[in-house]
Each structure stands twice: as C-alpha cells, then as structure tokens.
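J.: Just dropping this structure here.
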Amino acid sequence: MSAPLQSLLDLLDVERIEEDIFRGDSRPAVVPRVFGGQVAAQALVAAGRTVPEDRTAHSLHAYFLRIGDPGAPIVYTVDRIRDGRSFTTRRVVAVQHGQPIFHLSASFQTYEEGLEHQAPMPSAPDPESLPTAAEMLPRHAHLFRDPGVGERLLEARAAVDLRYVEEPPYATAAQGPREPKSQVWFRTNGKLADDPLLHVCLATYVSDMTLLDSVLLAHGRGGWAVGDVVGASLDHAMWFHRPFRADEWLLYDQHSPSASGGRGLGQARIYTADGKLAISVIQEGVIRVPRTEGARGPGGAQEQ
C-alpha cells in the first residue's frame, strides 16, 4: 500500500469518543479549507460504525453548510433514526467551533434478492492507456494563476489514481464551451481490505473531486485553479446499487443537465470495469463568475 493511501485511510479512521460521537482529524485541501469529500467520507464512516455488520450502505444525502477549518478537528454526532428489519437509517451532524458544517443522512440495508436491470455502461478507453495526473498536470501548470497549484493537486490526489478520458476543464477553457460531459477512471493507489464500508467511503471521498467539471465545460470555464469561477459544494447524494471495489478501476461518467441562479448540477454513474452499474451520484454546487472578470482574487470556495 502506498504511503499516501495509508495516510488517507488514517484520516478516514474517525475516533469514537462516546457511544455515538466520533472525532476526525482535518488537513488542508488544495485550497485553505477542508475537502468536502473528506467530511462526507468521515461522516459515513461514523454512521457505518453504529450499524450491524450485515447491513451495507445503499444511499446517502448530504448538505455542506459551512466551509471546514483544516486546522481543527471535526466532531461527528450520530443519531440512530431507525433500526428496522431490513433497513437502518442514521443522521450525522459534523461540528467545528460549535457550529454545524455538514449534515448527512445515510441508509443501510441487509442483502436481499430482487428485480434487476441497469443502464448500459458507456464506451470509454482502457484506463491504462490514459495519462496519469503526474503526466498531465505539469503540461498545464502554466495555466494556473498560482504556480503551486499543480503540486498541491498532485499531493492531494496521491492516494488515488485518477485519469481523465478527455482534457479537464482547466486545459481547454480557452477553446470555449464543450459538451457538458466528462469521464474519469479512478482507483486507489494500493489494495484495500475486504470491508464494504471502506470501499463505499473511499468512493464517496473521490466522488467530490470532479463531478462539477461538466458544468464548467458547458461554459468554457476552467475552474477555481484558473480563476474564472469560484464555488462550493451545496449538496451531494449517492445511491450504491451493486458491490464494487475502490481499489479496482471504476468509470465515473458525468454530465450536467442544468446551471442557473449561480448554481450548477452534476449527475453521474459509476461503473465497474466489467460494466456493472455500481453507484449513481448527484451534486449541486455554487458556481459564480467573478464580478470583474479581470480580477482574480483568492481561489477556492466562498461562503455560500
């Protein structure tokens, strides 16, 4: 297992400090705030540790309320909303400095047989044929207004092998709008234990990295690293349909059906390499164009 992956697993391994209260560490993201995928994954770990082992996560619904402080721990309080014969529901509130920064509702289910169908997997090239982040980012470093962004991105994503099928928004913004669709392949940089909750939580972590790319593509915007938008995640929902492993290649097929009112919506499906639909994802985020296009202030998310 790579050192960055072990570091990420340690970050997600929240500490139980009371029966239903957990504490997680924080660390800086590429911008000076806590990465939303980290908070969502830690909250799901906390919820999962209050659920019987024979029940696996099948959905989550989350709201990002405030920007997280990377210099302070996060306390997760779990409410045991329901324990039924087949389904278990948990609600988690993440708190920093006495204020809630994130809410999560998650549902877990015992395994059962049922009706089966799925949308077919779209075509995509072999992930091994695509450039790695270490190969791609240096080629585009000149586009970033902060020369250190490329290195920080590589460090932040070192635990995950994430490969774009086509050029990311920051590389093509100058060419104008593109179809609002994006595909990436991803897997962890190392093998994981056979723990379904762990794989679900790692997919949750990665799901927040690229989903709003398709919104940017529709408008010829490169994103916060380029400086032509500012934004933040607002809410995030995932449905886990079939078993998968986060240490094996997963295709993240993303598109944006709408942007309006300073918000953009991303929808996606995540497939295993053999074509099984594993996860559906929806996210809405604040995406604002700077009031003065020539002014490039500090990057990253702004207070909603």
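Residues are named by chain letter and number: chains run A, B, ... in the order of the structure tokens, numbers start at 1 in each chain, and ligands are numbered from 1 in the order shown.
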Pick out the residues sitting within 8 Å of Leu197 of chain A, and hand them over as a list in words; count only C-alpha atoms, and ignore anything fewer than 2 positions along from it in its own chain.

T.: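 What passes the distance filter is Val45, Gly48, Thr56, Ala57, Asp195, His199, Val200 and Cys201 of chain A.
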
J.: Run DSSP on the backbone and give me the residues of segment 39-277 of chain A it puts in strand (DSSP E or B), as a PDB file with N, CA and C atoms, in the first residue's frame.

T.:
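Output file out_2.pdb is given in full below:
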ATOM      1  N   ARG A  55     -25.374  -5.076   7.334  1.00  0.00           N
ATOM      2  CA  ARG A  55     -26.101  -4.052   6.585  1.00  0.00           C
ATOM      3  C   ARG A  55     -25.099  -3.123   5.915  1.00  0.00           C
ATOM      4  N   THR A  56     -25.241  -2.973   4.614  1.00  0.00           N
ATOM      5  CA  THR A  56     -24.328  -2.129   3.852  1.00  0.00           C
ATOM      6  C   THR A  56     -25.028  -0.855   3.400  1.00  0.00           C
ATOM      7  N   ALA A  57     -24.251   0.200   3.208  1.00  0.00           N
ATOM      8  CA  ALA A  57     -24.813   1.484   2.794  1.00  0.00           C
ATOM      9  C   ALA A  57     -25.425   1.360   1.401  1.00  0.00           C
ATOM     10  N   HIS A  58     -26.639   1.865   1.239  1.00  0.00           N
ATOM     11  CA  HIS A  58     -27.246   1.883  -0.096  1.00  0.00           C
ATOM     12  C   HIS A  58     -27.551   3.295  -0.558  1.00  0.00           C
ATOM     13  N   SER A  59     -27.514   4.301   0.350  1.00  0.00           N
ATOM     14  CA  SER A  59     -27.710   5.675  -0.106  1.00  0.00           C
ATOM     15  C   SER A  59     -27.227   6.653   0.944  1.00  0.00           C
ATOM     16  N   LEU A  60     -26.902   7.862   0.472  1.00  0.00           N
ATOM     17  CA  LEU A  60     -26.600   8.964   1.381  1.00  0.00           C
ATOM     18  C   LEU A  60     -27.083  10.256   0.746  1.00  0.00           C
ATOM     19  N   HIS A  61     -27.463  11.187   1.605  1.00  0.00           N
ATOM     20  CA  HIS A  61     -27.903  12.514   1.186  1.00  0.00           C
ATOM     21  C   HIS A  61     -27.254  13.513   2.136  1.00  0.00           C
ATOM     22  N   ALA A  62     -26.556  14.501   1.588  1.00  0.00           N
ATOM     23  CA  ALA A  62     -25.747  15.367   2.431  1.00  0.00           C
ATOM     24  C   ALA A  62     -25.878  16.821   2.005  1.00  0.00           C
ATOM     25  N   TYR A  63     -25.701  17.717   2.996  1.00  0.00           N
ATOM     26  CA  TYR A  63     -25.648  19.157   2.758  1.00  0.00           C
ATOM     27  C   TYR A  63     -24.368  19.715   3.353  1.00  0.00           C
ATOM     28  N   PHE A  64     -23.663  20.516   2.557  1.00  0.00           N
ATOM     29  CA  PHE A  64     -22.493  21.238   3.028  1.00  0.00           C
ATOM     30  C   PHE A  64     -22.974  22.606   3.517  1.00  0.00           C
ATOM     31  N   ILE A  74     -12.887  17.678  13.609  1.00  0.00           N
ATOM     32  CA  ILE A  74     -14.321  17.707  13.348  1.00  0.00           C
ATOM     33  C   ILE A  74     -14.990  16.662  14.231  1.00  0.00           C
ATOM     34  N   VAL A  75     -16.050  17.052  14.922  1.00  0.00           N
ATOM     35  CA  VAL A  75     -16.805  16.136  15.775  1.00  0.00           C
ATOM     36  C   VAL A  75     -18.067  15.702  15.028  1.00  0.00           C
ATOM     37  N   TYR A  76     -18.283  14.387  14.982  1.00  0.00           N
ATOM     38  CA  TYR A  76     -19.433  13.806  14.282  1.00  0.00           C
ATOM     39  C   TYR A  76     -20.373  13.165  15.302  1.00  0.00           C
ATOM     40  N   THR A  77     -21.606  13.673  15.358  1.00  0.00           N
ATOM     41  CA  THR A  77     -22.626  13.119  16.248  1.00  0.00           C
ATOM     42  C   THR A  77     -23.617  12.318  15.422  1.00  0.00           C
ATOM     43  N   VAL A  78     -23.814  11.057  15.797  1.00  0.00           N
ATOM     44  CA  VAL A  78     -24.682  10.151  15.048  1.00  0.00           C
ATOM     45  C   VAL A  78     -26.005   9.977  15.781  1.00  0.00           C
ATOM     46  N   ASP A  79     -27.104  10.200  15.084  1.00  0.00           N
ATOM     47  CA  ASP A  79     -28.445   9.926  15.617  1.00  0.00           C
ATOM     48  C   ASP A  79     -28.955   8.633  15.000  1.00  0.00           C
ATOM     49  N   ARG A  80     -29.408   7.720  15.858  1.00  0.00           N
ATOM     50  CA  ARG A  80     -29.933   6.435  15.384  1.00  0.00           C
ATOM     51  C   ARG A  80     -31.421   6.616  15.066  1.00  0.00           C
ATOM     52  N   ILE A  81     -31.695   7.020  13.851  1.00  0.00           N
ATOM     53  CA  ILE A  81     -33.059   7.382  13.476  1.00  0.00           C
ATOM     54  C   ILE A  81     -33.973   6.164  13.419  1.00  0.00           C
ATOM     55  N   ARG A  82     -33.491   5.059  12.846  1.00  0.00           N
ATOM     56  CA  ARG A  82     -34.358   3.888  12.682  1.00  0.00           C
ATOM     57  C   ARG A  82     -33.522   2.635  12.538  1.00  0.00           C
ATOM     58  N   ASP A  83     -33.979   1.567  13.180  1.00  0.00           N
ATOM     59  CA  ASP A  83     -33.418   0.232  13.015  1.00  0.00           C
ATOM     60  C   ASP A  83     -34.570  -0.716  12.718  1.00  0.00           C
ATOM     61  N   PHE A  87     -33.868  -2.291   6.966  1.00  0.00           N
ATOM     62  CA  PHE A  87     -33.191  -1.022   6.741  1.00  0.00           C
ATOM     63  C   PHE A  87     -32.812  -0.352   8.058  1.00  0.00           C
ATOM     64  N   THR A  88     -31.695   0.338   8.030  1.00  0.00           N
ATOM     65  CA  THR A  88     -31.214   1.139   9.154  1.00  0.00           C
ATOM     66  C   THR A  88     -30.925   2.541   8.647  1.00  0.00           C
ATOM     67  N   THR A  89     -31.373   3.560   9.389  1.00  0.00           N
ATOM     68  CA  THR A  89     -31.165   4.942   8.995  1.00  0.00           C
ATOM     69  C   THR A  89     -30.386   5.684  10.070  1.00  0.00           C
ATOM     70  N   ARG A  90     -29.389   6.454   9.633  1.00  0.00           N
ATOM     71  CA  ARG A  90     -28.593   7.256  10.555  1.00  0.00           C
ATOM     72  C   ARG A  90     -28.510   8.691  10.044  1.00  0.00           C
ATOM     73  N   ARG A  91     -28.479   9.623  10.979  1.00  0.00           N
ATOM     74  CA  ARG A  91     -28.245  11.027  10.656  1.00  0.00           C
ATOM     75  C   ARG A  91     -26.977  11.470  11.378  1.00  0.00           C
ATOM     76  N   VAL A  92     -26.119  12.182  10.672  1.00  0.00           N
ATOM     77  CA  VAL A  92     -24.845  12.621  11.227  1.00  0.00           C
ATOM     78  C   VAL A  92     -24.724  14.132  11.076  1.00  0.00           C
ATOM     79  N   VAL A  93     -24.305  14.789  12.148  1.00  0.00           N
ATOM     80  CA  VAL A  93     -24.012  16.221  12.103  1.00  0.00           C
ATOM     81  C   VAL A  93     -22.525  16.390  12.395  1.00  0.00           C
ATOM     82  N   ALA A  94     -21.829  17.097  11.511  1.00  0.00           N
ATOM     83  CA  ALA A  94     -20.412  17.406  11.698  1.00  0.00           C
ATOM     84  C   ALA A  94     -20.289  18.818  12.244  1.00  0.00           C
ATOM     85  N   VAL A  95     -19.521  18.971  13.317  1.00  0.00           N
ATOM     86  CA  VAL A  95     -19.435  20.252  14.027  1.00  0.00           C
ATOM     87  C   VAL A  95     -17.980  20.683  14.161  1.00  0.00           C
ATOM     88  N   GLN A  96     -17.736  21.956  13.930  1.00  0.00           N
ATOM     89  CA  GLN A  96     -16.456  22.604  14.215  1.00  0.00           C
ATOM     90  C   GLN A  96     -16.726  23.944  14.887  1.00  0.00           C
ATOM     91  N   GLN A  99     -20.292  24.975  15.648  1.00  0.00           N
ATOM     92  CA  GLN A  99     -21.289  25.180  14.607  1.00  0.00           C
ATOM     93  C   GLN A  99     -21.322  23.994  13.656  1.00  0.00           C
ATOM     94  N   PRO A 100     -22.519  23.593  13.198  1.00  0.00           N
ATOM     95  CA  PRO A 100     -22.604  22.512  12.211  1.00  0.00           C
ATOM     96  C   PRO A 100     -22.045  22.959  10.874  1.00  0.00           C
ATOM     97  N   ILE A 101     -21.203  22.131  10.281  1.00  0.00           N
ATOM     98  CA  ILE A 101     -20.654  22.445   8.960  1.00  0.00           C
ATOM     99  C   ILE A 101     -21.185  21.497   7.887  1.00  0.00           C
ATOM    100  N   PHE A 102     -21.850  20.390   8.315  1.00  0.00           N
ATOM    101  CA  PHE A 102     -22.233  19.359   7.355  1.00  0.00           C
ATOM    102  C   PHE A 102     -23.289  18.473   7.987  1.00  0.00           C
ATOM    103  N   HIS A 103     -24.302  18.100   7.213  1.00  0.00           N
ATOM    104  CA  HIS A 103     -25.335  17.148   7.629  1.00  0.00           C
ATOM    105  C   HIS A 103     -25.341  15.977   6.666  1.00  0.00           C
ATOM    106  N   LEU A 104     -25.487  14.776   7.192  1.00  0.00           N
ATOM    107  CA  LEU A 104     -25.571  13.576   6.355  1.00  0.00           C
ATOM    108  C   LEU A 104     -26.698  12.684   6.856  1.00  0.00           C
ATOM    109  N   SER A 105     -27.502  12.177   5.931  1.00  0.00           N
ATOM    110  CA  SER A 105     -28.425  11.086   6.224  1.00  0.00           C
ATOM    111  C   SER A 105     -27.993   9.897   5.388  1.00  0.00           C
ATOM    112  N   ALA A 106     -27.887   8.737   6.010  1.00  0.00           N
ATOM    113  CA  ALA A 106     -27.447   7.536   5.308  1.00  0.00           C
ATOM    114  C   ALA A 106     -28.361   6.381   5.651  1.00  0.00           C
ATOM    115  N   SER A 107     -28.598   5.521   4.669  1.00  0.00           N
ATOM    116  CA  SER A 107     -29.442   4.350   4.864  1.00  0.00           C
ATOM    117  C   SER A 107     -28.652   3.094   4.524  1.00  0.00           C
ATOM    118  N   PHE A 108     -28.876   2.057   5.323  1.00  0.00           N
ATOM    119  CA  PHE A 108     -28.178   0.787   5.190  1.00  0.00           C
ATOM    120  C   PHE A 108     -29.220  -0.322   5.086  1.00  0.00           C
ATOM    121  N   GLN A 109     -28.862  -1.405   4.381  1.00  0.00           N
ATOM    122  CA  GLN A 109     -29.829  -2.471   4.114  1.00  0.00           C
ATOM    123  C   GLN A 109     -29.160  -3.834   4.208  1.00  0.00           C
ATOM    124  N   THR A 110     -29.912  -4.802   4.698  1.00  0.00           N
ATOM    125  CA  THR A 110     -29.448  -6.185   4.630  1.00  0.00           C
ATOM    126  C   THR A 110     -29.551  -6.665   3.183  1.00  0.00           C
ATOM    127  N   VAL A 160      -5.037   8.369  -4.852  1.00  0.00           N
ATOM    128  CA  VAL A 160      -5.978   7.896  -5.866  1.00  0.00           C
ATOM    129  C   VAL A 160      -5.357   8.072  -7.250  1.00  0.00           C
ATOM    130  N   ASP A 161      -5.446   7.051  -8.059  1.00  0.00           N
ATOM    131  CA  ASP A 161      -5.041   7.132  -9.469  1.00  0.00           C
ATOM    132  C   ASP A 161      -6.270   7.564 -10.255  1.00  0.00           C
ATOM    133  N   LEU A 162      -6.308   8.834 -10.656  1.00  0.00           N
ATOM    134  CA  LEU A 162      -7.466   9.414 -11.328  1.00  0.00           C
ATOM    135  C   LEU A 162      -7.034   9.876 -12.714  1.00  0.00           C
ATOM    136  N   ARG A 163      -7.682   9.353 -13.755  1.00  0.00           N
ATOM    137  CA  ARG A 163      -7.261   9.624 -15.127  1.00  0.00           C
ATOM    138  C   ARG A 163      -8.443  10.142 -15.957  1.00  0.00           C
ATOM    139  N   TYR A 164      -8.270  11.315 -16.523  1.00  0.00           N
ATOM    140  CA  TYR A 164      -9.290  11.912 -17.383  1.00  0.00           C
ATOM    141  C   TYR A 164      -9.295  11.221 -18.750  1.00  0.00           C
ATOM    142  N   LYS A 181     -20.125  17.040 -20.653  1.00  0.00           N
ATOM    143  CA  LYS A 181     -19.910  15.647 -20.278  1.00  0.00           C
ATOM    144  C   LYS A 181     -18.437  15.438 -19.962  1.00  0.00           C
ATOM    145  N   SER A 182     -18.172  14.578 -18.988  1.00  0.00           N
ATOM    146  CA  SER A 182     -16.795  14.293 -18.603  1.00  0.00           C
ATOM    147  C   SER A 182     -16.714  12.865 -18.095  1.00  0.00           C
ATOM    148  N   GLN A 183     -15.599  12.210 -18.363  1.00  0.00           N
ATOM    149  CA  GLN A 183     -15.358  10.868 -17.858  1.00  0.00           C
ATOM    150  C   GLN A 183     -13.984  10.797 -17.210  1.00  0.00           C
ATOM    151  N   VAL A 184     -13.911  10.132 -16.073  1.00  0.00           N
ATOM    152  CA  VAL A 184     -12.621   9.817 -15.468  1.00  0.00           C
ATOM    153  C   VAL A 184     -12.660   8.363 -14.991  1.00  0.00           C
ATOM    154  N   TRP A 185     -11.524   7.724 -15.047  1.00  0.00           N
ATOM    155  CA  TRP A 185     -11.334   6.437 -14.391  1.00  0.00           C
ATOM    156  C   TRP A 185     -10.618   6.693 -13.071  1.00  0.00           C
ATOM    157  N   PHE A 186     -10.950   5.923 -12.037  1.00  0.00           N
ATOM    158  CA  PHE A 186     -10.207   6.064 -10.789  1.00  0.00           C
ATOM    159  C   PHE A 186     -10.138   4.735 -10.037  1.00  0.00           C
ATOM    160  N   ARG A 187      -9.116   4.643  -9.206  1.00  0.00           N
ATOM    161  CA  ARG A 187      -8.950   3.554  -8.243  1.00  0.00           C
ATOM    162  C   ARG A 187      -7.931   4.021  -7.216  1.00  0.00           C
ATOM    163  N   THR A 188      -7.919   3.399  -6.066  1.00  0.00           N
ATOM    164  CA  THR A 188      -6.931   3.765  -5.057  1.00  0.00           C
ATOM    165  C   THR A 188      -5.547   3.278  -5.479  1.00  0.00           C
ATOM    166  N   VAL A 230     -15.601  30.903  -8.924  1.00  0.00           N
ATOM    167  CA  VAL A 230     -15.445  30.497  -7.527  1.00  0.00           C
ATOM    168  C   VAL A 230     -16.671  29.659  -7.183  1.00  0.00           C
ATOM    169  N   GLY A 231     -16.549  28.786  -6.201  1.00  0.00           N
ATOM    170  CA  GLY A 231     -17.697  27.952  -5.892  1.00  0.00           C
ATOM    171  C   GLY A 231     -17.507  27.083  -4.686  1.00  0.00           C
ATOM    172  N   ALA A 232     -18.532  26.303  -4.397  1.00  0.00           N
ATOM    173  CA  ALA A 232     -18.526  25.378  -3.273  1.00  0.00           C
ATOM    174  C   ALA A 232     -19.631  24.353  -3.485  1.00  0.00           C
ATOM    175  N   SER A 233     -19.432  23.157  -2.967  1.00  0.00           N
ATOM    176  CA  SER A 233     -20.482  22.139  -2.997  1.00  0.00           C
ATOM    177  C   SER A 233     -21.621  22.558  -2.083  1.00  0.00           C
ATOM    178  N   LEU A 234     -22.850  22.326  -2.528  1.00  0.00           N
ATOM    179  CA  LEU A 234     -24.031  22.604  -1.722  1.00  0.00           C
ATOM    180  C   LEU A 234     -24.634  21.330  -1.143  1.00  0.00           C
ATOM    181  N   ASP A 235     -24.945  20.388  -2.015  1.00  0.00           N
ATOM    182  CA  ASP A 235     -25.482  19.113  -1.536  1.00  0.00           C
ATOM    183  C   ASP A 235     -24.987  17.988  -2.428  1.00  0.00           C
ATOM    184  N   HIS A 236     -25.122  16.771  -1.922  1.00  0.00           N
ATOM    185  CA  HIS A 236     -24.491  15.616  -2.556  1.00  0.00           C
ATOM    186  C   HIS A 236     -25.330  14.394  -2.203  1.00  0.00           C
ATOM    187  N   ALA A 237     -25.647  13.591  -3.202  1.00  0.00           N
ATOM    188  CA  ALA A 237     -26.432  12.377  -2.967  1.00  0.00           C
ATOM    189  C   ALA A 237     -25.819  11.228  -3.749  1.00  0.00           C
ATOM    190  N   MET A 238     -25.830  10.037  -3.133  1.00  0.00           N
ATOM    191  CA  MET A 238     -25.278   8.851  -3.772  1.00  0.00           C
ATOM    192  C   MET A 238     -26.180   7.657  -3.476  1.00  0.00           C
ATOM    193  N   TRP A 239     -26.292   6.773  -4.465  1.00  0.00           N
ATOM    194  CA  TRP A 239     -27.006   5.514  -4.305  1.00  0.00           C
ATOM    195  C   TRP A 239     -26.051   4.390  -4.703  1.00  0.00           C
ATOM    196  N   PHE A 240     -25.860   3.443  -3.825  1.00  0.00           N
ATOM    197  CA  PHE A 240     -24.932   2.333  -4.049  1.00  0.00           C
ATOM    198  C   PHE A 240     -25.747   1.108  -4.465  1.00  0.00           C
ATOM    199  N   LEU A 250     -12.769   2.068 -11.719  1.00  0.00           N
ATOM    200  CA  LEU A 250     -14.163   2.477 -11.783  1.00  0.00           C
ATOM    201  C   LEU A 250     -14.277   3.635 -12.768  1.00  0.00           C
ATOM    202  N   LEU A 251     -15.272   3.579 -13.634  1.00  0.00           N
ATOM    203  CA  LEU A 251     -15.505   4.642 -14.612  1.00  0.00           C
ATOM    204  C   LEU A 251     -16.543   5.614 -14.056  1.00  0.00           C
ATOM    205  N   TYR A 252     -16.157   6.882 -13.929  1.00  0.00           N
ATOM    206  CA  TYR A 252     -17.022   7.942 -13.414  1.00  0.00           C
ATOM    207  C   TYR A 252     -17.522   8.740 -14.618  1.00  0.00           C
ATOM    208  N   ASP A 253     -18.748   8.464 -15.054  1.00  0.00           N
ATOM    209  CA  ASP A 253     -19.338   9.064 -16.247  1.00  0.00           C
ATOM    210  C   ASP A 253     -20.263  10.197 -15.803  1.00  0.00           C
ATOM    211  N   GLN A 254     -19.898  11.450 -16.126  1.00  0.00           N
ATOM    212  CA  GLN A 254     -20.530  12.625 -15.539  1.00  0.00           C
ATOM    213  C   GLN A 254     -21.128  13.538 -16.611  1.00  0.00           C
ATOM    214  N   HIS A 255     -22.236  14.203 -16.274  1.00  0.00           N
ATOM    215  CA  HIS A 255     -22.791  15.203 -17.175  1.00  0.00           C
ATOM    216  C   HIS A 255     -23.559  16.232 -16.361  1.00  0.00           C
ATOM    217  N   SER A 256     -23.825  17.371 -16.976  1.00  0.00           N
ATOM    218  CA  SER A 256     -24.575  18.437 -16.315  1.00  0.00           C
ATOM    219  C   SER A 256     -25.816  18.773 -17.124  1.00  0.00           C
ATOM    220  N   PRO A 257     -27.010  18.577 -16.551  1.00  0.00           N
ATOM    221  CA  PRO A 257     -28.242  18.912 -17.280  1.00  0.00           C
ATOM    222  C   PRO A 257     -28.653  20.366 -17.138  1.00  0.00           C
ATOM    223  N   SER A 258     -28.066  21.092 -16.141  1.00  0.00           N
ATOM    224  CA  SER A 258     -28.566  22.449 -15.898  1.00  0.00           C
ATOM    225  C   SER A 258     -27.583  23.269 -15.070  1.00  0.00           C
ATOM    226  N   ALA A 259     -27.584  24.567 -15.338  1.00  0.00           N
ATOM    227  CA  ALA A 259     -26.947  25.560 -14.479  1.00  0.00           C
ATOM    228  C   ALA A 259     -27.826  26.800 -14.506  1.00  0.00           C
ATOM    229  N   SER A 260     -28.093  27.368 -13.328  1.00  0.00           N
ATOM    230  CA  SER A 260     -28.911  28.578 -13.244  1.00  0.00           C
ATOM    231  C   SER A 260     -28.821  29.120 -11.824  1.00  0.00           C
ATOM    232  N   ARG A 263     -25.950  28.395  -9.547  1.00  0.00           N
ATOM    233  CA  ARG A 263     -25.752  27.004  -9.134  1.00  0.00           C
ATOM    234  C   ARG A 263     -25.601  26.133 -10.379  1.00  0.00           C
ATOM    235  N   GLY A 264     -24.868  25.039 -10.237  1.00  0.00           N
ATOM    236  CA  GLY A 264     -24.725  24.082 -11.321  1.00  0.00           C
ATOM    237  C   GLY A 264     -24.986  22.683 -10.815  1.00  0.00           C
ATOM    238  N   LEU A 265     -25.620  21.859 -11.631  1.00  0.00           N
ATOM    239  CA  LEU A 265     -25.974  20.497 -11.231  1.00  0.00           C
ATOM    240  C   LEU A 265     -25.152  19.488 -12.024  1.00  0.00           C
ATOM    241  N   GLY A 266     -24.583  18.535 -11.325  1.00  0.00           N
ATOM    242  CA  GLY A 266     -23.869  17.435 -11.959  1.00  0.00           C
ATOM    243  C   GLY A 266     -24.528  16.110 -11.627  1.00  0.00           C
ATOM    244  N   GLN A 267     -24.645  15.244 -12.608  1.00  0.00           N
ATOM    245  CA  GLN A 267     -25.175  13.903 -12.412  1.00  0.00           C
ATOM    246  C   GLN A 267     -24.158  12.905 -12.946  1.00  0.00           C
ATOM    247  N   ALA A 268     -24.107  11.726 -12.349  1.00  0.00           N
ATOM    248  CA  ALA A 268     -23.090  10.765 -12.793  1.00  0.00           C
ATOM    249  C   ALA A 268     -23.499   9.344 -12.453  1.00  0.00           C
ATOM    250  N   ARG A 269     -22.877   8.431 -13.193  1.00  0.00           N
ATOM    251  CA  ARG A 269     -22.962   7.000 -12.897  1.00  0.00           C
ATOM    252  C   ARG A 269     -21.547   6.453 -12.809  1.00  0.00           C
ATOM    253  N   ILE A 270     -21.334   5.559 -11.873  1.00  0.00           N
ATOM    254  CA  ILE A 270     -20.030   4.939 -11.688  1.00  0.00           C
ATOM    255  C   ILE A 270     -20.161   3.450 -11.981  1.00  0.00           C
ATOM    256  N   TYR A 271     -19.331   2.985 -12.923  1.00  0.00           N
ATOM    257  CA  TYR A 271     -19.384   1.595 -13.379  1.00  0.00           C
ATOM    258  C   TYR A 271     -18.097   0.862 -13.010  1.00  0.00           C
ATOM    259  N   THR A 272     -18.230  -0.424 -12.730  1.00  0.00           N
ATOM    260  CA  THR A 272     -17.050  -1.267 -12.608  1.00  0.00           C
ATOM    261  C   THR A 272     -16.480  -1.525 -13.997  1.00  0.00           C
ATOM    262  N   LEU A 277     -23.268  -1.317 -13.171  1.00  0.00           N
ATOM    263  CA  LEU A 277     -23.576  -0.006 -12.608  1.00  0.00           C
ATOM    264  C   LEU A 277     -23.506  -0.112 -11.090  1.00  0.00           C
TER     265      LEU A 277
END

J.: Check the DSSP output for the backbone and give back, as number ranges by chain, the residues of segment 148-261 of chain A in alpha helix (DSSP H).

T.: A: 149-156, 169-172, 196-207, 213-218

J.: Show me, as a list in words, the residues that have an atom within 10 Å of Leu11 of chain A when counting only C-alpha atoms, minus same-chain residues fewer than 4 positions from it.

T.: Leu5, Gln6, Ser7, Glu15, Gly24, Asp25, Ser26, Arg27, Gln38, Ala41 and Gln42 of chain A

J.: Can you tell me, as a list in words, what residues are no more than 8 Å from segment 168-179 of chain A when counting only C-alpha atoms, ignoring any on the same chain fewer than 6 positions away?

T.: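 Counting only the stated atoms, we get His140, Leu143, Asp213, Ser214, Leu216, Leu217, Ala218, His219, Gly220, Arg221, Gly222, Gly223, Ala225 and Val226 of chain A.
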
J.: Can you write just those residues out, N, CA and C atoms, as a PDB file, in the first residue's frame?

T.:
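The file below, result28.pdb, is the result:
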ATOM      1  N   HIS A 140       0.149  21.432 -17.950  1.00  0.00           N
ATOM      2  CA  HIS A 140      -0.784  22.555 -17.906  1.00  0.00           C
ATOM      3  C   HIS A 140      -0.497  23.513 -16.757  1.00  0.00           C
ATOM      4  N   LEU A 143      -1.117  27.300 -16.880  1.00  0.00           N
ATOM      5  CA  LEU A 143      -2.468  27.852 -16.884  1.00  0.00           C
ATOM      6  C   LEU A 143      -2.936  28.282 -15.499  1.00  0.00           C
ATOM      7  N   ASP A 213     -17.152  19.270 -12.954  1.00  0.00           N
ATOM      8  CA  ASP A 213     -16.392  19.582 -14.169  1.00  0.00           C
ATOM      9  C   ASP A 213     -17.298  19.790 -15.369  1.00  0.00           C
ATOM     10  N   SER A 214     -18.349  18.965 -15.461  1.00  0.00           N
ATOM     11  CA  SER A 214     -19.215  19.042 -16.639  1.00  0.00           C
ATOM     12  C   SER A 214     -19.946  20.377 -16.706  1.00  0.00           C
ATOM     13  N   LEU A 216     -18.617  23.245 -15.759  1.00  0.00           N
ATOM     14  CA  LEU A 216     -17.605  24.172 -16.265  1.00  0.00           C
ATOM     15  C   LEU A 216     -17.436  24.029 -17.776  1.00  0.00           C
ATOM     16  N   LEU A 217     -17.427  22.786 -18.251  1.00  0.00           N
ATOM     17  CA  LEU A 217     -17.220  22.541 -19.675  1.00  0.00           C
ATOM     18  C   LEU A 217     -18.296  23.211 -20.522  1.00  0.00           C
ATOM     19  N   ALA A 218     -19.530  23.212 -20.033  1.00  0.00           N
ATOM     20  CA  ALA A 218     -20.633  23.781 -20.804  1.00  0.00           C
ATOM     21  C   ALA A 218     -20.456  25.276 -21.053  1.00  0.00           C
ATOM     22  N   HIS A 219     -19.625  25.932 -20.244  1.00  0.00           N
ATOM     23  CA  HIS A 219     -19.483  27.383 -20.326  1.00  0.00           C
ATOM     24  C   HIS A 219     -18.055  27.823 -20.627  1.00  0.00           C
ATOM     25  N   GLY A 220     -17.197  26.898 -20.982  1.00  0.00           N
ATOM     26  CA  GLY A 220     -15.830  27.254 -21.300  1.00  0.00           C
ATOM     27  C   GLY A 220     -15.084  27.843 -20.126  1.00  0.00           C
ATOM     28  N   ARG A 221     -15.358  27.311 -18.943  1.00  0.00           N
ATOM     29  CA  ARG A 221     -14.713  27.782 -17.714  1.00  0.00           C
ATOM     30  C   ARG A 221     -13.697  26.757 -17.243  1.00  0.00           C
ATOM     31  N   GLY A 222     -12.579  27.237 -16.738  1.00  0.00           N
ATOM     32  CA  GLY A 222     -11.516  26.333 -16.319  1.00  0.00           C
ATOM     33  C   GLY A 222     -11.584  25.925 -14.866  1.00  0.00           C
ATOM     34  N   GLY A 223     -12.291  26.712 -14.029  1.00  0.00           N
ATOM     35  CA  GLY A 223     -12.408  26.364 -12.619  1.00  0.00           C
ATOM     36  C   GLY A 223     -11.597  27.277 -11.724  1.00  0.00           C
ATOM     37  N   ALA A 225      -8.852  26.864 -10.114  1.00  0.00           N
ATOM     38  CA  ALA A 225      -7.397  26.905 -10.285  1.00  0.00           C
ATOM     39  C   ALA A 225      -6.983  27.904 -11.356  1.00  0.00           C
ATOM     40  N   VAL A 226      -7.847  28.050 -12.367  1.00  0.00           N
ATOM     41  CA  VAL A 226      -7.596  29.027 -13.421  1.00  0.00           C
ATOM     42  C   VAL A 226      -8.038  30.411 -12.966  1.00  0.00           C
TER      43      VAL A 226
END

J.: With distances taken over only C-alpha atoms, which of A:Ala278, A:Leu153, A:Val215, A:Met209 is nearest to His241 of chain A?

T.: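 Selected residue with least distance to His241 of chain A: A:Ala278.
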
J.: Would you compute the distance between atom CA of Gly261 of chain A and atom CA of Ala40 of chain A? Give it in Å to one decimal.

T.: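 A separation of 25.0 Å between them.
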
J.: Just the number, please: distance in Å from atom CA of Ala3 of chain A to atom CA of Ala159 of chain A, one decimal.

T.: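 Interatomic distance here is 7.9 Å.
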